[in-house]
Amino acid sequence: MTKVNKKIALLWAIPVLMVAAGLGFWLATQVAVKTHQSASNELAVQQSKLINKKSKVGTVLDSKQPNVSAASNLLDKLFTLDWTIATQKEFDAKAKQMTPYVTQDVVKNSLDFKADPDKMITQTGVVMTYDHMDFLPNSASAKEVKGKVIVFVKSHLKDSSDATTRFVYNVSYSPKTNLVTQLDRIGTYQLQSDSSVL
């Protein structure tokens, strides 16, 4: 082949190679998209199964342990009020909102009902949001439900990302009065970053 023919062949080969490379990239992208879609669909199916299973567990708990279920529901309401705080005003008002769910002993003795004379929310600018709780009952009868609760609270300062704090409580609930009779915050719980223990 002459030099001119080689140049012409090269000029034709470059677009052909570019088209082939583009086609290869497009095919690889399509495979990745389909793989991602199937993984997403599988995840959605698993999530749906988990939600149905959780719903069935809740229904079984309601029928087998109605007092435990009632305690869990009331504690969830109480901790939503207790740990969803965006301003100092909300913090100062939370005790009044929580009072209908607890006995007067709890109002007198629980840390969660103490005033904040230092105005810590105003000073720090922290915003807290109740996320969820894990209720671990250790005894249940017609008179009283007792257990521990781990409360998960997300908090952040202005533009920073959320941090999760876990508060641990000893709690008691009276099915007769539908009131929390003990609300003792005993500390915070730290989860190590080693996910193998989960």
# chains A, B, ... in the order shown; residues from 1 in each chain; ligands from 1

$ closest_atom_pairs --of "range 95-165 of chain A" --to "range 182-185 of chain A" --cutoff "7 Å" --atoms "only C-alpha atoms" --output "Markdown table"
| residue | atom | partner | partner_atom | distance |
| --- | --- | --- | --- | --- |
| A:Val106 | CA | A:Gln182 | CA | 5.9 |
| A:Ser110 | CA | A:Asp184 | CA | 5.9 |
| A:Leu111 | CA | A:Arg185 | CA | 6.9 |

$ closest_residue --among "A:Gln104, A:Gln88, A:Ser141, A:Gln65" --to "Asp118 in chain A" --atoms "only C-alpha atoms"
A:Gln88

$ select_by_dssp --residues "range 30-151 of chain A" --states "strand (DSSP E)" --output "PyMOL selection string"
chain A and resi 126-140+145-151

$ residues_around --residues "Lys158 in chain A" --least-positions-apart "6" --cutoff "9 Å" --atoms "only C-alpha atoms" --output "VMD selection string"
chain A and resid 125 to 127

$ residues_around --residues "range 135-139 of chain A" --least-positions-apart "3" --cutoff "6 Å" --atoms "only C-alpha atoms" --output "VMD selection string"
chain A and resid 145 to 149

$ write_last_selection --atoms "N, CA, C and O atoms" --output "PDB file, in the first residue's frame"
ATOM      1  N   VAL A 145     -46.056  -2.538  83.090  1.00  0.00           N
ATOM      2  CA  VAL A 145     -45.098  -2.976  82.075  1.00  0.00           C
ATOM      3  C   VAL A 145     -43.800  -2.246  82.383  1.00  0.00           C
ATOM      4  O   VAL A 145     -43.786  -1.023  82.503  1.00  0.00           O
ATOM      5  N   LYS A 146     -42.702  -3.000  82.512  1.00  0.00           N
ATOM      6  CA  LYS A 146     -41.397  -2.398  82.811  1.00  0.00           C
ATOM      7  C   LYS A 146     -40.403  -2.807  81.739  1.00  0.00           C
ATOM      8  O   LYS A 146     -40.527  -3.873  81.152  1.00  0.00           O
ATOM      9  N   GLY A 147     -39.413  -1.949  81.525  1.00  0.00           N
ATOM     10  CA  GLY A 147     -38.384  -2.300  80.563  1.00  0.00           C
ATOM     11  C   GLY A 147     -37.386  -1.184  80.363  1.00  0.00           C
ATOM     12  O   GLY A 147     -37.332  -0.224  81.138  1.00  0.00           O
ATOM     13  N   LYS A 148     -36.592  -1.354  79.309  1.00  0.00           N
ATOM     14  CA  LYS A 148     -35.616  -0.342  78.915  1.00  0.00           C
ATOM     15  C   LYS A 148     -36.001   0.171  77.536  1.00  0.00           C
ATOM     16  O   LYS A 148     -36.586  -0.554  76.738  1.00  0.00           O
ATOM     17  N   VAL A 149     -35.648   1.420  77.290  1.00  0.00           N
ATOM     18  CA  VAL A 149     -35.882   2.011  75.979  1.00  0.00           C
ATOM     19  C   VAL A 149     -34.580   2.640  75.511  1.00  0.00           C
ATOM     20  O   VAL A 149     -33.894   3.305  76.283  1.00  0.00           O
TER      21      VAL A 149
END

$ residues_around --residues "Ile85 in chain A" --least-positions-apart "5" --cutoff "8 Å" --atoms "only C-alpha atoms" --output "PyMOL selection string"
chain A and resi 90-91+127-129

$ decode --residues "range 30-179 of chain A" --atoms "C-alpha atoms" --output "CSV table (one decimal), in the first residue's frame"
chain,number,residue,atom,x,y,z
A,30,GLN,CA,-27.0,-0.5,29.4
A,31,VAL,CA,-25.8,-3.6,31.3
A,32,ALA,CA,-24.9,-1.4,34.3
A,33,VAL,CA,-28.3,0.3,34.2
A,34,LYS,CA,-30.1,-3.1,34.0
A,35,THR,CA,-28.0,-4.5,36.8
A,36,HIS,CA,-28.8,-1.5,39.0
A,37,GLN,CA,-32.5,-1.7,38.1
A,38,SER,CA,-32.7,-5.4,39.0
A,39,ALA,CA,-30.9,-4.7,42.3
A,40,SER,CA,-33.2,-1.8,43.0
A,41,ASN,CA,-36.3,-4.0,42.2
A,42,GLU,CA,-34.9,-6.8,44.4
A,43,LEU,CA,-34.3,-4.3,47.3
A,44,ALA,CA,-37.9,-3.0,46.9
A,45,VAL,CA,-39.2,-6.5,47.1
A,46,GLN,CA,-37.2,-7.3,50.2
A,47,GLN,CA,-38.2,-4.0,51.8
A,48,SER,CA,-41.9,-4.7,51.1
A,49,LYS,CA,-41.5,-8.2,52.7
A,50,LEU,CA,-39.8,-6.6,55.7
A,51,ILE,CA,-42.6,-4.0,56.1
A,52,ASN,CA,-45.3,-6.8,55.9
A,53,LYS,CA,-43.4,-8.9,58.4
A,54,LYS,CA,-43.1,-6.0,60.8
A,55,SER,CA,-46.8,-5.2,60.4
A,56,LYS,CA,-47.6,-8.9,61.2
A,57,VAL,CA,-45.3,-8.7,64.3
A,58,GLY,CA,-47.1,-5.6,65.4
A,59,THR,CA,-50.5,-7.3,64.9
A,60,VAL,CA,-49.3,-10.3,66.9
A,61,LEU,CA,-47.9,-8.1,69.6
A,62,ASP,CA,-51.3,-6.2,69.8
A,63,SER,CA,-53.2,-9.4,70.2
A,64,LYS,CA,-50.8,-11.3,72.5
A,65,GLN,CA,-49.4,-8.5,74.6
A,66,PRO,CA,-51.8,-5.5,74.4
A,67,ASN,CA,-50.2,-3.8,77.4
A,68,VAL,CA,-46.7,-4.0,75.9
A,69,SER,CA,-48.1,-2.6,72.7
A,70,ALA,CA,-50.0,0.2,74.5
A,71,ALA,CA,-46.8,1.1,76.5
A,72,SER,CA,-44.8,1.2,73.3
A,73,ASN,CA,-47.3,3.5,71.5
A,74,LEU,CA,-47.4,5.9,74.5
A,75,LEU,CA,-43.7,6.0,74.8
A,76,ASP,CA,-43.3,6.7,71.1
A,77,LYS,CA,-45.6,9.7,71.5
A,78,LEU,CA,-43.8,10.9,74.6
A,79,PHE,CA,-40.3,10.7,73.1
A,80,THR,CA,-41.5,12.4,69.9
A,81,LEU,CA,-42.5,15.4,72.1
A,82,ASP,CA,-39.4,15.0,74.3
A,83,TRP,CA,-36.7,14.9,71.5
A,84,THR,CA,-38.1,16.9,68.6
A,85,ILE,CA,-36.6,20.3,69.4
A,86,ALA,CA,-35.7,23.1,66.9
A,87,THR,CA,-35.8,26.1,69.2
A,88,GLN,CA,-35.3,27.1,72.8
A,89,LYS,CA,-39.0,28.0,72.9
A,90,GLU,CA,-39.9,24.4,71.9
A,91,PHE,CA,-37.5,23.0,74.6
A,92,ASP,CA,-39.1,25.2,77.3
A,93,ALA,CA,-42.6,24.1,76.2
A,94,LYS,CA,-42.0,20.4,75.9
A,95,ALA,CA,-42.6,19.6,79.7
A,96,LYS,CA,-46.1,21.0,79.5
A,97,GLN,CA,-46.8,19.0,76.4
A,98,MET,CA,-45.4,15.7,77.9
A,99,THR,CA,-47.3,16.1,81.2
A,100,PRO,CA,-50.6,14.4,80.1
A,101,TYR,CA,-48.6,11.2,79.4
A,102,VAL,CA,-46.9,10.7,82.8
A,103,THR,CA,-47.6,10.7,86.5
A,104,GLN,CA,-46.7,13.6,88.8
A,105,ASP,CA,-43.8,11.6,90.2
A,106,VAL,CA,-42.3,11.5,86.8
A,107,VAL,CA,-42.8,15.2,86.4
A,108,LYS,CA,-41.0,15.8,89.7
A,109,ASN,CA,-38.1,13.4,89.2
A,110,SER,CA,-37.3,12.8,85.6
A,111,LEU,CA,-34.4,14.7,84.0
A,112,ASP,CA,-36.6,15.2,80.9
A,113,PHE,CA,-38.9,17.6,82.8
A,114,LYS,CA,-36.1,19.8,84.3
A,115,ALA,CA,-35.9,23.4,83.2
A,116,ASP,CA,-33.0,24.7,81.1
A,117,PRO,CA,-31.9,27.9,82.9
A,118,ASP,CA,-28.7,28.0,80.8
A,119,LYS,CA,-30.7,28.2,77.6
A,120,MET,CA,-28.4,25.6,75.9
A,121,ILE,CA,-30.4,25.4,72.7
A,122,THR,CA,-30.0,29.1,72.2
A,123,GLN,CA,-26.3,28.9,73.1
A,124,THR,CA,-25.4,26.0,70.9
A,125,GLY,CA,-27.9,26.3,68.0
A,126,VAL,CA,-28.4,22.5,68.0
A,127,VAL,CA,-31.5,21.1,66.4
A,128,MET,CA,-32.7,17.7,67.5
A,129,THR,CA,-35.2,15.3,65.9
A,130,TYR,CA,-36.6,12.1,67.4
A,131,ASP,CA,-35.9,9.3,65.0
A,132,HIS,CA,-37.2,6.1,66.6
A,133,MET,CA,-37.0,4.0,69.8
A,134,ASP,CA,-36.4,0.4,70.7
A,135,PHE,CA,-38.5,-0.8,73.6
A,136,LEU,CA,-37.2,-3.8,75.4
A,137,PRO,CA,-39.8,-4.9,77.9
A,138,ASN,CA,-38.6,-7.2,80.7
A,139,SER,CA,-41.9,-7.7,82.6
A,140,ALA,CA,-45.5,-7.2,81.6
A,141,SER,CA,-48.7,-7.7,83.6
A,142,ALA,CA,-52.2,-6.2,83.9
A,143,LYS,CA,-50.7,-3.8,86.5
A,144,GLU,CA,-47.4,-2.7,85.1
A,145,VAL,CA,-45.1,-3.0,82.1
A,146,LYS,CA,-41.4,-2.4,82.8
A,147,GLY,CA,-38.4,-2.3,80.6
A,148,LYS,CA,-35.6,-0.3,78.9
A,149,VAL,CA,-35.9,2.0,76.0
A,150,ILE,CA,-33.1,3.1,73.6
A,151,VAL,CA,-34.2,6.4,72.0
A,152,PHE,CA,-32.5,7.4,68.8
A,153,VAL,CA,-32.1,11.2,68.3
A,154,LYS,CA,-30.7,12.9,65.3
A,155,SER,CA,-29.1,16.3,65.9
A,156,HIS,CA,-27.1,18.8,64.0
A,157,LEU,CA,-25.6,22.3,64.2
A,158,LYS,CA,-26.8,24.7,61.4
A,159,ASP,CA,-25.3,23.3,58.2
A,160,SER,CA,-23.5,20.3,59.6
A,161,SER,CA,-24.6,16.7,58.9
A,162,ASP,CA,-26.7,14.7,61.3
A,163,ALA,CA,-25.3,12.8,64.3
A,164,THR,CA,-27.2,10.1,66.1
A,165,THR,CA,-27.3,9.9,69.9
A,166,ARG,CA,-28.9,7.0,71.7
A,167,PHE,CA,-30.4,7.7,75.1
A,168,VAL,CA,-31.1,4.8,77.4
A,169,TYR,CA,-34.1,4.9,79.8
A,170,ASN,CA,-35.6,2.7,82.5
A,171,VAL,CA,-39.3,2.9,82.0
A,172,SER,CA,-42.6,1.7,83.6
A,173,TYR,CA,-46.1,2.0,82.3
A,174,SER,CA,-49.5,1.5,84.0
A,175,PRO,CA,-52.1,-0.1,81.8
A,176,LYS,CA,-54.8,1.0,84.2
A,177,THR,CA,-54.1,4.7,84.1
A,178,ASN,CA,-52.4,4.7,80.6
A,179,LEU,CA,-49.5,6.7,82.0
